[in-house]
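Shown below: input.txt, with compact mmCIF, C-alpha atoms and all ligand atoms.
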```
# COMPACT_ATOMS: atom_id res chain seq x y z
CA MET A 1 -11.36 -0.81 18.38
CA GLU A 2 -7.65 -0.06 18.14
CA TYR A 3 -5.75 -0.87 14.96
CA GLN A 4 -2.26 -0.09 16.15
CA SER A 5 -0.67 -1.90 13.27
CA PHE A 6 -2.42 -0.09 10.43
CA SER A 7 -1.06 2.94 8.61
CA GLN A 8 -2.91 6.27 8.68
CA ARG A 9 -4.28 5.77 5.20
CA GLN A 10 -5.44 2.26 6.02
CA LYS A 11 -7.19 3.56 9.14
CA LEU A 12 -8.98 6.17 7.08
CA THR A 13 -10.00 3.50 4.56
CA MET A 14 -11.56 1.53 7.41
CA ARG A 15 -13.20 4.40 9.25
CA TRP A 16 -14.09 7.24 6.83
CA TRP A 17 -17.81 6.41 6.90
CA SER A 18 -17.97 7.10 10.64
CA LEU A 19 -16.15 10.45 10.50
CA SER A 20 -18.28 13.60 10.29
CA GLU A 21 -15.98 15.01 7.63
CA PHE A 22 -16.70 12.26 5.11
CA GLN A 23 -19.99 10.79 6.27
CA ASP A 24 -21.96 12.26 3.37
CA ARG A 25 -19.79 10.63 0.69
CA ASP A 26 -21.33 7.94 -1.50
CA GLY A 27 -18.28 5.77 -1.50
CA LEU A 28 -14.52 5.30 -1.48
CA ILE A 29 -11.96 4.81 -4.24
CA CYS A 30 -8.48 3.51 -3.39
CA ASP A 31 -5.90 3.21 -6.12
CA GLY A 32 -2.10 2.99 -6.22
CA SER A 33 0.83 0.60 -6.00
CA VAL A 34 0.59 -3.14 -5.68
CA ARG A 35 0.95 -4.57 -2.15
CA SER A 36 0.18 -1.20 -0.61
CA GLY A 37 -2.53 -2.58 1.66
CA LYS A 38 -5.57 -1.40 -0.27
CA THR A 39 -7.52 -4.63 -0.44
CA LEU A 40 -7.02 -5.59 3.18
CA SER A 41 -8.01 -2.25 4.68
CA MET A 42 -10.89 -1.74 2.28
CA THR A 43 -12.38 -5.15 2.97
CA VAL A 44 -12.12 -4.69 6.72
CA GLY A 45 -13.70 -1.23 6.36
CA PHE A 46 -16.47 -2.56 4.17
CA PHE A 47 -17.47 -5.24 6.67
CA LEU A 48 -17.27 -2.87 9.67
CA TRP A 49 -19.38 -0.25 7.89
CA SER A 50 -22.03 -2.57 6.52
CA MET A 51 -22.37 -4.60 9.71
CA THR A 52 -22.73 -1.41 11.76
CA VAL A 53 -25.27 0.25 9.48
CA PHE A 54 -27.39 -2.59 8.09
CA ASP A 55 -29.32 -5.57 9.33
CA ARG A 56 -30.83 -8.32 7.18
CA ARG A 57 -29.54 -6.84 3.96
CA ARG A 58 -27.66 -8.15 0.98
CA LEU A 59 -24.32 -6.75 -0.12
CA GLY A 60 -22.01 -7.56 -2.99
CA LEU A 61 -18.30 -8.44 -3.09
CA CYS A 62 -16.84 -8.45 -6.58
CA GLY A 63 -13.47 -9.66 -7.78
CA LYS A 64 -12.08 -10.36 -11.21
CA THR A 65 -13.23 -13.93 -10.65
CA ILE A 66 -14.81 -15.59 -7.64
CA GLU A 67 -11.62 -17.58 -6.98
CA ALA A 68 -9.54 -14.40 -6.98
CA LEU A 69 -12.01 -12.89 -4.56
CA ARG A 70 -11.77 -15.84 -2.17
CA ARG A 71 -8.01 -15.87 -2.36
CA ASN A 72 -7.29 -12.15 -2.03
CA VAL A 73 -10.24 -10.70 -0.23
CA THR A 74 -12.52 -12.78 1.93
CA ALA A 75 -10.02 -15.27 3.32
CA GLU A 76 -7.77 -12.51 4.70
CA ALA A 77 -10.54 -10.27 5.98
CA ASN A 78 -12.12 -13.14 7.93
CA GLN A 79 -8.87 -13.61 9.81
CA TRP A 80 -8.46 -9.93 10.57
CA LEU A 81 -12.02 -9.66 11.85
CA GLU A 82 -11.89 -12.81 13.91
CA GLY A 83 -13.49 -12.22 17.30
CA ILE A 84 -15.27 -9.12 15.99
CA LEU A 85 -17.55 -10.58 13.35
CA THR A 86 -18.58 -14.17 12.63
CA PHE A 87 -18.41 -15.50 9.10
CA LYS A 88 -20.27 -18.49 7.76
CA GLU A 89 -19.57 -19.38 4.17
CA HIS A 90 -22.14 -21.11 1.94
CA ARG A 91 -19.63 -22.11 -0.64
CA SER A 92 -21.83 -23.63 -3.30
CA GLU A 93 -24.03 -20.53 -3.30
CA ASN A 94 -21.08 -18.11 -3.29
CA ARG A 95 -22.53 -16.44 -0.26
CA ILE A 96 -21.24 -15.53 3.21
CA THR A 97 -23.48 -14.85 6.20
CA VAL A 98 -21.90 -12.44 8.64
CA THR A 99 -23.14 -11.81 12.17
CA GLY A 100 -21.99 -9.28 14.74
CA PHE A 101 -22.95 -5.96 16.39
CA GLY A 102 -26.44 -7.47 16.81
CA HIS A 103 -26.86 -7.62 13.02
CA ARG A 104 -26.85 -10.24 10.33
CA ASN A 105 -26.23 -9.62 6.62
CA GLU A 106 -25.66 -11.69 3.50
CA TYR A 107 -22.64 -11.06 1.27
CA HIS A 108 -22.83 -12.39 -2.26
CA LEU A 109 -19.64 -13.07 -4.19
CA PHE A 110 -19.41 -12.14 -7.85
CA GLY A 111 -16.72 -12.46 -10.49
CA GLY A 112 -16.67 -9.58 -12.97
CA LYS A 113 -15.46 -11.94 -15.65
CA ASP A 114 -17.85 -14.78 -14.78
CA GLU A 115 -20.87 -14.95 -17.05
CA SER A 116 -23.01 -16.51 -14.31
CA SER A 117 -22.33 -13.59 -11.94
CA TYR A 118 -23.56 -11.20 -14.56
CA MET A 119 -26.92 -12.96 -14.72
CA LEU A 120 -27.26 -13.39 -10.96
CA ILE A 121 -26.59 -9.82 -9.95
CA GLN A 122 -29.27 -8.45 -12.24
CA GLY A 123 -32.08 -9.62 -10.01
CA MET A 124 -30.70 -8.39 -6.69
CA THR A 125 -31.21 -5.38 -4.46
CA LEU A 126 -28.03 -4.49 -2.63
CA ALA A 127 -27.10 -2.16 0.23
CA GLY A 128 -23.52 -1.75 -0.92
CA ILE A 129 -20.86 -3.26 -3.04
CA LEU A 130 -17.09 -3.68 -2.98
CA PHE A 131 -15.05 -4.08 -6.16
CA ASP A 132 -11.58 -5.50 -5.69
CA GLU A 133 -9.35 -4.68 -8.69
CA VAL A 134 -12.18 -2.90 -10.45
CA ALA A 135 -10.00 -1.89 -13.40
CA LEU A 136 -9.82 -5.55 -14.43
CA MET A 137 -13.60 -5.90 -14.74
CA PRO A 138 -15.76 -5.11 -17.74
CA ARG A 139 -17.44 -1.72 -17.48
CA SER A 140 -20.84 -3.22 -18.26
CA PHE A 141 -20.59 -5.55 -15.26
CA VAL A 142 -19.58 -2.76 -12.89
CA GLU A 143 -22.39 -0.49 -14.05
CA GLN A 144 -24.92 -3.26 -13.83
CA ALA A 145 -23.78 -4.00 -10.28
CA LEU A 146 -23.89 -0.34 -9.21
CA ALA A 147 -27.45 -0.06 -10.51
CA ARG A 148 -28.48 -2.78 -8.02
CA CYS A 149 -27.53 -0.61 -5.02
CA SER A 150 -30.91 0.95 -4.34
CA VAL A 151 -31.08 0.56 -0.56
CA GLU A 152 -31.04 3.88 1.34
CA GLY A 153 -27.52 4.56 2.60
CA SER A 154 -25.84 2.18 0.17
CA ARG A 155 -22.25 2.91 -0.76
CA PHE A 156 -19.68 1.93 -3.37
CA TRP A 157 -16.19 0.74 -2.50
CA PHE A 158 -13.66 0.50 -5.32
CA ASN A 159 -10.00 -0.43 -5.34
CA CYS A 160 -7.53 -1.05 -8.15
CA ASN A 161 -3.99 -0.79 -9.45
CA PRO A 162 -3.48 1.73 -12.26
CA GLU A 163 -3.85 0.96 -15.95
CA GLY A 164 -3.62 3.42 -18.87
CA PRO A 165 -4.91 7.02 -18.54
CA GLU A 166 -7.69 6.34 -21.06
CA HIS A 167 -9.12 3.50 -19.04
CA TRP A 168 -12.84 3.98 -18.40
CA PHE A 169 -12.52 3.68 -14.64
CA TYR A 170 -9.85 6.37 -14.51
CA ARG A 171 -11.82 8.75 -16.72
CA GLU A 172 -15.20 8.17 -15.15
CA TRP A 173 -14.40 7.71 -11.49
CA ILE A 174 -10.89 8.74 -10.55
CA CYS A 175 -10.79 11.96 -12.57
CA ARG A 176 -14.32 12.79 -11.40
CA TRP A 177 -14.29 11.60 -7.81
CA GLU A 178 -15.56 14.92 -6.48
CA GLN A 179 -18.46 15.22 -8.92
CA LYS A 180 -19.33 11.63 -8.06
CA ASN A 181 -19.27 12.55 -4.38
CA MET A 182 -16.63 9.96 -3.57
CA LEU A 183 -13.67 9.93 -1.21
CA TYR A 184 -10.45 9.19 -3.09
CA LEU A 185 -7.29 7.81 -1.48
CA HIS A 186 -4.06 7.14 -3.28
CA PHE A 187 -1.86 4.39 -1.83
CA THR A 188 1.86 3.74 -2.16
CA MET A 189 3.91 0.89 -0.69
CA GLU A 190 4.67 3.21 2.24
CA ASP A 191 1.08 2.73 3.34
CA ASN A 192 1.56 -0.96 4.08
CA PRO A 193 3.38 -1.18 7.41
CA ALA A 194 3.87 -4.93 6.97
CA LEU A 195 6.03 -4.58 3.85
CA SER A 196 9.66 -5.08 4.83
CA ARG A 197 12.36 -3.18 2.99
CA ARG A 198 13.53 -6.40 1.41
CA VAL A 199 10.14 -7.48 0.13
CA ARG A 200 9.50 -3.98 -1.14
CA ALA A 201 12.80 -3.99 -3.02
CA ARG A 202 11.85 -7.31 -4.55
CA TYR A 203 8.56 -5.90 -5.85
CA GLU A 204 10.35 -2.86 -7.17
CA SER A 205 12.77 -5.04 -9.09
CA MET A 206 9.97 -7.13 -10.57
CA TYR A 207 8.63 -4.43 -12.87
CA THR A 208 10.12 -2.30 -15.60
CA GLY A 209 9.00 0.47 -17.93
CA VAL A 210 5.32 1.20 -17.94
CA PHE A 211 4.63 -1.56 -15.43
CA TYR A 212 7.06 0.00 -12.97
CA ASP A 213 5.29 3.34 -13.26
CA ARG A 214 1.92 1.71 -12.72
CA TYR A 215 2.46 -1.03 -10.18
CA VAL A 216 5.33 0.43 -8.16
CA ARG A 217 4.80 4.17 -8.51
CA GLY A 218 1.02 3.80 -8.71
CA LEU A 219 0.56 6.07 -11.74
CA TRP A 220 -2.01 5.85 -14.53
CA VAL A 221 0.41 6.05 -17.45
CA ALA A 222 0.08 4.95 -21.05
CA ALA A 223 1.85 2.00 -22.54
CA GLU A 224 3.63 3.61 -25.47
CA GLY A 225 6.69 3.15 -27.59
CA LEU A 226 8.91 0.09 -27.47
CA ILE A 227 7.52 -2.78 -25.40
CA TYR A 228 10.85 -4.41 -24.58
CA ASP A 229 12.92 -1.28 -24.07
CA MET A 230 15.04 -3.29 -21.63
CA PHE A 231 16.33 -5.55 -24.42
CA ARG A 232 20.10 -4.94 -24.78
CA PRO A 233 21.94 -6.70 -27.60
CA GLU A 234 25.16 -6.62 -25.56
CA CYS A 235 23.48 -8.55 -22.71
CA HIS A 236 20.86 -10.62 -24.44
CA LEU A 237 22.57 -11.71 -27.66
CA LEU A 238 25.26 -14.38 -27.50
CA HIS A 239 27.96 -14.48 -30.14
CA ARG A 240 29.52 -17.70 -28.94
CA GLU A 241 28.28 -21.24 -28.50
CA PRO A 242 26.95 -21.50 -24.94
CA ASP A 243 27.45 -24.47 -22.66
CA CYS A 244 23.93 -25.86 -22.46
CA ALA A 245 22.47 -28.92 -20.80
CA GLY A 246 19.21 -30.52 -19.89
CA ASP A 247 15.84 -30.54 -21.53
CA CYS A 248 15.05 -28.69 -24.70
CA TYR A 249 11.79 -26.98 -25.44
CA VAL A 250 10.34 -25.60 -28.61
CA SER A 251 7.88 -22.74 -28.72
CA VAL A 252 5.75 -22.14 -31.78
CA ASP A 253 3.83 -19.21 -33.18
CA TYR A 254 1.81 -20.55 -36.04
CA GLY A 255 0.43 -18.69 -39.05
CA THR A 256 -1.07 -19.79 -42.33
CA ARG A 257 -0.99 -16.40 -44.04
CA ASN A 258 1.31 -14.87 -41.41
CA PRO A 259 4.79 -16.16 -40.65
CA THR A 260 5.37 -19.29 -38.59
CA VAL A 261 8.13 -19.33 -36.00
CA PHE A 262 9.80 -22.14 -34.05
CA LEU A 263 12.22 -21.30 -31.25
CA LEU A 264 14.41 -23.93 -29.59
CA TRP A 265 15.29 -23.37 -25.93
CA GLN A 266 17.72 -24.95 -23.51
CA TRP A 267 19.15 -24.13 -20.10
CA GLY A 268 22.59 -22.48 -20.26
CA GLN A 269 24.63 -23.89 -17.38
CA LYS A 270 27.47 -21.40 -17.29
CA GLU A 271 25.20 -18.59 -18.38
CA ASN A 272 22.77 -19.58 -15.65
CA ARG A 273 19.80 -18.56 -17.78
CA TRP A 274 17.55 -19.87 -20.52
CA ILE A 275 19.01 -19.67 -24.01
CA CYS A 276 17.13 -19.54 -27.26
CA ARG A 277 19.42 -21.59 -29.47
CA ARG A 278 17.80 -21.84 -32.88
CA GLU A 279 15.15 -19.99 -34.77
CA TYR A 280 13.01 -21.12 -37.69
CA TYR A 281 11.06 -18.43 -39.52
CA TRP A 282 8.88 -18.97 -42.57
CA ASP A 283 6.98 -16.07 -44.13
CA GLY A 284 4.61 -17.71 -46.62
CA ARG A 285 3.48 -14.45 -48.14
CA ARG A 286 6.95 -13.12 -48.81
CA ARG A 287 8.24 -16.43 -50.08
CA MET A 288 5.05 -16.87 -52.17
CA HIS A 289 4.57 -20.33 -50.78
CA GLN A 290 2.14 -21.17 -47.99
CA LYS A 291 3.17 -24.34 -46.23
CA THR A 292 0.79 -27.05 -45.10
CA ASP A 293 0.72 -28.39 -41.53
CA GLY A 294 2.58 -31.45 -42.80
CA GLU A 295 5.33 -29.33 -44.37
CA TYR A 296 5.71 -27.30 -41.19
CA ALA A 297 5.92 -30.48 -39.13
CA ASP A 298 8.64 -31.74 -41.51
CA ASP A 299 10.55 -28.49 -41.01
CA LEU A 300 10.23 -28.86 -37.26
CA ALA A 301 11.54 -32.43 -37.51
CA GLU A 302 14.54 -31.12 -39.46
CA MET A 303 15.22 -28.43 -36.86
CA LEU A 304 15.05 -31.10 -34.15
CA ALA A 305 17.14 -33.67 -36.01
CA ASP A 306 19.58 -34.11 -33.11
CA VAL A 307 17.26 -33.20 -30.21
CA VAL A 308 14.29 -34.71 -28.40
CA PRO A 309 12.22 -31.88 -26.95
CA ARG A 310 10.63 -32.23 -23.53
CA ALA A 311 7.66 -30.28 -24.89
CA VAL A 312 6.56 -28.28 -27.88
CA VAL A 313 4.64 -25.23 -26.65
CA VAL A 314 2.22 -24.13 -29.32
CA ASP A 315 0.06 -21.09 -29.99
CA PRO A 316 -3.25 -22.43 -28.60
CA SER A 317 -5.23 -21.29 -31.63
CA ALA A 318 -3.25 -23.56 -33.97
CA ALA A 319 -5.62 -26.52 -33.56
CA SER A 320 -4.84 -28.35 -36.81
CA PHE A 321 -1.07 -28.02 -36.35
CA ILE A 322 -1.33 -29.26 -32.76
CA THR A 323 -3.17 -32.32 -34.04
CA GLU A 324 -0.45 -32.92 -36.63
CA LEU A 325 2.31 -32.65 -34.00
CA ARG A 326 0.52 -35.02 -31.65
CA ARG A 327 -0.03 -37.47 -34.49
CA ARG A 328 3.74 -37.53 -34.98
CA GLY A 329 4.27 -38.25 -31.30
CA TRP A 330 5.61 -34.93 -30.06
CA PRO A 331 4.57 -33.87 -26.54
CA VAL A 332 2.56 -30.70 -27.08
CA LEU A 333 1.63 -28.06 -24.50
CA ASN A 334 -0.91 -25.35 -25.22
CA GLY A 335 0.82 -21.98 -24.90
CA ASP A 336 -0.53 -19.62 -22.26
CA ASN A 337 -1.86 -16.71 -24.30
CA ARG A 338 -2.53 -14.02 -21.69
CA VAL A 339 -0.75 -11.23 -23.50
CA ALA A 340 -0.27 -8.57 -20.80
CA ASP A 341 0.87 -11.10 -18.18
CA GLY A 342 3.21 -12.66 -20.71
CA ILE A 343 4.78 -9.35 -21.68
CA ARG A 344 5.29 -8.51 -18.02
CA ALA A 345 7.00 -11.86 -17.44
CA VAL A 346 9.29 -11.54 -20.46
CA SER A 347 10.19 -7.97 -19.43
CA GLN A 348 11.15 -9.17 -16.00
CA LEU A 349 13.34 -11.99 -17.33
CA LEU A 350 15.12 -9.61 -19.69
CA ARG A 351 15.66 -7.11 -16.94
CA GLU A 352 17.02 -9.74 -14.58
CA ASN A 353 19.16 -11.16 -17.35
CA ARG A 354 17.58 -14.59 -17.04
CA ILE A 355 17.09 -15.16 -20.75
CA ALA A 356 19.33 -14.83 -23.82
CA PHE A 357 19.38 -15.50 -27.55
CA GLN A 358 22.09 -16.89 -29.79
CA ASP A 359 22.88 -14.43 -32.55
CA CYS A 360 21.60 -16.84 -35.19
CA CYS A 361 18.08 -15.91 -34.03
CA VAL A 362 18.00 -12.90 -36.32
CA HIS A 363 14.26 -12.35 -36.67
CA THR A 364 13.81 -12.50 -32.92
CA ALA A 365 16.57 -9.95 -32.38
CA ALA A 366 15.00 -7.68 -34.99
CA GLU A 367 11.51 -7.96 -33.50
CA PHE A 368 12.75 -6.93 -30.06
CA ARG A 369 13.62 -3.58 -31.65
CA ALA A 370 10.32 -3.24 -33.54
CA TYR A 371 7.68 -4.54 -31.15
CA VAL A 372 5.64 -1.53 -29.96
CA TRP A 373 2.47 -0.70 -28.03
CA ASP A 374 -0.58 0.11 -30.13
CA GLU A 375 -1.27 3.81 -29.63
CA LYS A 376 -4.73 3.68 -31.18
CA ALA A 377 -5.77 0.93 -28.78
CA ALA A 378 -4.21 2.88 -25.89
CA ALA A 379 -6.45 5.83 -26.78
CA GLN A 380 -9.39 3.48 -26.19
CA GLY A 381 -8.00 2.46 -22.84
CA VAL A 382 -6.69 -0.91 -24.01
CA ASP A 383 -3.06 -2.05 -23.74
CA LYS A 384 -2.01 -4.22 -26.62
CA PRO A 385 0.92 -4.57 -28.95
CA VAL A 386 0.74 -3.59 -32.61
CA LYS A 387 0.09 -6.84 -34.44
CA GLU A 388 3.15 -6.57 -36.66
CA HIS A 389 6.65 -7.94 -36.19
CA ASP A 390 5.18 -9.96 -33.34
CA HIS A 391 5.62 -13.59 -34.38
CA CYS A 392 8.91 -14.31 -32.66
CA MET A 393 7.71 -12.17 -29.75
CA ASP A 394 4.65 -14.41 -29.40
CA ALA A 395 6.80 -17.53 -29.48
CA VAL A 396 9.09 -16.08 -26.79
CA ARG A 397 6.04 -15.27 -24.68
CA TYR A 398 4.58 -18.79 -24.99
CA PHE A 399 7.84 -20.30 -23.80
CA VAL A 400 8.21 -17.90 -20.90
CA THR A 401 4.66 -18.09 -19.56
CA THR A 402 4.20 -21.80 -20.12
CA VAL A 403 7.61 -23.17 -19.15
CA VAL A 404 9.64 -20.61 -17.19
CA VAL A 405 6.94 -18.91 -15.10
CA ARG A 406 5.05 -22.05 -14.19
CA GLY A 407 8.41 -23.45 -13.17
CA GLY A 408 6.87 -26.90 -12.78
CA VAL A 409 8.81 -28.16 -15.75
CA ARG A 410 12.44 -27.96 -14.71
CA ALA A 411 15.46 -28.53 -16.83
CA ARG A 412 16.77 -31.98 -16.00
CA LYS A 413 20.43 -32.61 -15.40
CA ARG A 414 20.73 -35.33 -18.03
CA PRO A 415 22.19 -33.66 -21.13
CA ARG A 416 20.60 -34.44 -24.40
CA GLY A 417 21.64 -33.69 -27.92
CA LEU A 418 22.94 -30.44 -29.35
N1 LIG A 501 -1.45 -3.24 8.34
C1 LIG A 501 -1.06 -4.44 7.93
N2 LIG A 501 -0.51 -5.32 8.79
C2 LIG A 501 -0.11 -6.54 8.36
N3 LIG A 501 -0.20 -6.99 7.09
C3 LIG A 501 -0.74 -6.15 6.17
C4 LIG A 501 -1.18 -4.83 6.54
N4 LIG A 501 -1.66 -4.24 5.42
C5 LIG A 501 -1.52 -5.13 4.42
N5 LIG A 501 -0.96 -6.26 4.86
C6 LIG A 501 -0.63 -7.45 4.05
O1 LIG A 501 0.15 -7.03 2.94
C7 LIG A 501 -0.25 -7.75 1.77
C8 LIG A 501 -0.66 -6.77 0.69
O2 LIG A 501 -1.85 -6.10 1.10
P1 LIG A 501 -3.08 -5.93 0.11
O3 LIG A 501 -4.16 -5.28 0.88
O4 LIG A 501 -3.40 -7.19 -0.59
O5 LIG A 501 -2.42 -4.89 -0.92
P2 LIG A 501 -2.96 -4.34 -2.33
O6 LIG A 501 -4.41 -4.65 -2.41
O7 LIG A 501 -2.68 -2.88 -2.25
O8 LIG A 501 -2.13 -5.01 -3.37
C9 LIG A 501 -1.37 -8.68 2.19
O9 LIG A 501 -0.86 -9.97 2.38
C10 LIG A 501 -1.86 -8.08 3.48
O10 LIG A 501 -2.39 -9.03 4.33
MG MG A 502 -5.38 -5.75 -3.94
```
Show this structure as structure tokens.
Amino acid sequence: MEYQSFSQRQKLTMRWWSLSEFQDRDGLICDGSVRSGKTLSMTVGFFLWSMTVFDRRRLGLCGKTIEALRRNVTAEANQWLEGILTFKEHRSENRITVTGFGHRNEYHLFGGKDESSYMLIQGMTLAGILFDEVALMPRSFVEQALARCSVEGSRFWFNCNPEGPEHWFYREWICRWEQKNMLYLHFTMEDNPALSRRVRARYESMYTGVFYDRYVRGLWVAAEGLIYDMFRPECHLLHREPDCAGDCYVSVDYGTRNPTVFLLWQWGQKENRWICRREYYWDGRRRMHQKTDGEYADDLAEMLADVVPRAVVVDPSAASFITELRRRGWPVLNGDNRVADGIRAVSQLLRENRIAFQDCCVHTAAEFRAYVWDEKAAAQGVDKPVKEHDHCMDAVRYFVTTVVVRGGVRARKRPRGL
């Protein structure tokens, strides 16, 4: 077989198991930049290896979830192997039968975050297993799955993008690849021959700070210090009244003992970016008065006296407040609360200057300068912000992930209020 269009590192990923130099290794680890061609070459290699070596065996394919696996892994590999291997998917059983080279094997799909996969894999005997984006799966799932590989000649195939240097997969597998008798290959975007200069530049511009180091440079670096170090008052704070039009949105971070924040957003026409126009901030503890849901809803009504919001995006854990808002007839959306994804999205908007804040939003401006990564959590291999000075930051995140990123809800031309 000739793979003219693959890079050297991709070819090695596909063929290492057949080369005398690496034949004795128990598996392969590929890490590095996003879009560097890891998943594609590893999946092709995994099928070629297992179909050559085994007949009538079971193997495992693991993704973060089964849907992610179908989308990123099996669908593409099937196309690349068309005419070489034949795939028959048994969708309801999450199983693929592959035939070719005079052999037939069963590939079972598992999602590292799916409870049902965890149960299923426990009873199986496997001849090999591939983990796509292994760093996103719980360690217990991965170890459970590895323990199922008891067939003679079975091998482990891992790929991932970097996380923090205390992450269990980095410590256990990447730092110890030789002791574990693995082959380790580090990918960069150079290793994907299909990535045009333009697309590559786009990916490079998508990430900043720690995410740039990880996803573009492919390094296992810690998230430390200021989270939004790209926030610049001179770019992101407006000292004049902007020319806004179209739908307004409100995003809410709700607290009973902690502060409650409402942010009002509207599209800035001349600015050509989203503007946070008003901020409401109530710290019940400091003011020595905890407000009820009804009082908060009254305050929101006052803030919105001259505006009809298209949606109020609320902290999804604020069930009683959501009920109160709905009872008063406001259209409520549950905020998307995936923290790391949200922070990445906000960072990107700040960096691309696609979001700004009127200078009346004083708590928000202050939190941008105080919102930091939790170093204790980082030492445990977990990226999360310190849970202080984070209320406006949460409200910004809910708006960005739920309204801006999903993009489905567009600002309409018809101006309203303000
Ligand atoms: N050699 C290649 N020729 C053509 N397309 C490729 C090649 N390698 C990778 N790609 C494509 O580039 C994209 C990124 O590759 P992927 O393997 O998903 O990268 P990663 O897993 O490193 O993020 C995919 O759409 C994939 O099909
Ligand atoms: Mg991948």
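CA of Trp274 in chain A to CA of His389 in chain A spans 22.5 Å [interatomic distance, one decimal].
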Self-check item: Near-range 54-61 of chain A list (8 Å; all atoms listed in the file; drop same-chain fewer than 6 positions) as a VMD selection string
Solution: chain A and resid 69 103 to 110 125 to 132
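The space between CA of Asp390 in chain A and CA of Cys360 in chain A spans 17.9 Å.
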Quiz prompt | Polymer residues at most 9 Å from Lys38 in chain A, only C-alpha atoms, same-chain spacing of 5 or more positions, as a list in words | solution = Gln10, Thr13, Cys30, Asp31, Gly32, Ser33, Thr43, Asn159, Cys160, Phe187, Asp191 and Asn192 of chain A
Atoms kept (C-alpha atoms) for selection, written as a PDB file, in the frame of the given file:
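So the final result, stored in result_31.pdb, reads:
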```
ATOM      1  CA  GLN A  10      -5.440   2.260   6.020  1.00  0.00           C
ATOM      2  CA  THR A  13     -10.000   3.500   4.560  1.00  0.00           C
ATOM      3  CA  CYS A  30      -8.480   3.510  -3.390  1.00  0.00           C
ATOM      4  CA  ASP A  31      -5.900   3.210  -6.120  1.00  0.00           C
ATOM      5  CA  GLY A  32      -2.100   2.990  -6.220  1.00  0.00           C
ATOM      6  CA  SER A  33       0.830   0.600  -6.000  1.00  0.00           C
ATOM      7  CA  THR A  43     -12.380  -5.150   2.970  1.00  0.00           C
ATOM      8  CA  ASN A 159     -10.000  -0.430  -5.340  1.00  0.00           C
ATOM      9  CA  CYS A 160      -7.530  -1.050  -8.150  1.00  0.00           C
ATOM     10  CA  PHE A 187      -1.860   4.390  -1.830  1.00  0.00           C
ATOM     11  CA  ASP A 191       1.080   2.730   3.340  1.00  0.00           C
ATOM     12  CA  ASN A 192       1.560  -0.960   4.080  1.00  0.00           C
TER      13      ASN A 192
END
```
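Residue nearest Gln23 in chain A within the list A:Cys235, A:Cys62, A:Met182, A:Met288: A:Met182 [criterion: smallest interatomic distance, all atoms listed in the file].
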Quiz prompt | Distance of CA of Arg217 in chain A from CA of Phe47 in chain A, expressed in Å to one decimal place | solution = 28.5 Å
Using 4 Å of padding on each side, determine the axis-aligned box around all atoms of ligand LIG 501 (chain A) present in the file and give its centre and edge lengths in Å to one decimal, as JSON.
```
{"center_x": -2.1, "center_y": -6.4, "center_z": 2.7, "size_x": 12.6, "size_y": 15.1, "size_z": 20.2}
```
Practice problem: Name the residues, by chain letter and number, that sit within 8 Å of ligand MG 502 (chain A) using only C-alpha atoms and all ligand atoms, and give them as a list in words. | Solution: Val34, Arg35, Ser36, Gly37, Lys38, Thr39, Leu40, Asn72, Val73, Asp132, Glu133, Asn159, Cys160 and Asn161 of chain A
Could those selected residues go to a file with C-alpha atoms, as a PDB file, in the frame of the given file?
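Result written to part33.pdb:
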```
ATOM      1  CA  VAL A  34       0.590  -3.140  -5.680  1.00  0.00           C
ATOM      2  CA  ARG A  35       0.950  -4.570  -2.150  1.00  0.00           C
ATOM      3  CA  SER A  36       0.180  -1.200  -0.610  1.00  0.00           C
ATOM      4  CA  GLY A  37      -2.530  -2.580   1.660  1.00  0.00           C
ATOM      5  CA  LYS A  38      -5.570  -1.400  -0.270  1.00  0.00           C
ATOM      6  CA  THR A  39      -7.520  -4.630  -0.440  1.00  0.00           C
ATOM      7  CA  LEU A  40      -7.020  -5.590   3.180  1.00  0.00           C
ATOM      8  CA  ASN A  72      -7.290 -12.150  -2.030  1.00  0.00           C
ATOM      9  CA  VAL A  73     -10.240 -10.700  -0.230  1.00  0.00           C
ATOM     10  CA  ASP A 132     -11.580  -5.500  -5.690  1.00  0.00           C
ATOM     11  CA  GLU A 133      -9.350  -4.680  -8.690  1.00  0.00           C
ATOM     12  CA  ASN A 159     -10.000  -0.430  -5.340  1.00  0.00           C
ATOM     13  CA  CYS A 160      -7.530  -1.050  -8.150  1.00  0.00           C
ATOM     14  CA  ASN A 161      -3.990  -0.790  -9.450  1.00  0.00           C
TER      15      ASN A 161
END
```
Practice problem: Would you please work out which residue, of A:Val362, A:Met124, A:Val134, A:Val216, is nearest to Leu237 in chain A when using all atoms listed in the file? | Solution: A:Val362
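Shortest separation to ligand LIG 501 (chain A) among A:Asn272, A:Thr99, A:Gln358, A:Ser41 occurs at residue A:Ser41, atoms counted being only C-alpha atoms and all ligand atoms.
Among the candidates A:Gly218, A:Gly153, A:Pro259, A:Gly100, the residue lying nearest to ligand LIG 501 (chain A) is A:Gly218 (atoms considered: all atoms listed in the file).
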Self-check item: Polymer residues at most 6 Å from Ala395 in chain A, all atoms listed in the file, same-chain spacing of 2 or more positions, as a ChimeraX atom specification
Solution: /A:251-253,392-393,397-398
Quiz item: Contacts of Arg273 in chain A at 9 Å or less, counting all atoms listed in the file, minus same-chain residues fewer than 6 places along, as a count of residues only?
Solution: 6
Quiz prompt | Residues near Phe22 in chain A, cut-off 12 Å, only C-alpha atoms, skip fewer than 5 positions along chain, as a PyMOL selection string | solution = chain A and resi 12-13+15-17+27-28+178+181-184
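Distance check against Thr256 in chain A using only C-alpha atoms: of A:Gln269, A:Gln290, A:Asn94, A:Asn337, the minimum falls on A:Gln290.
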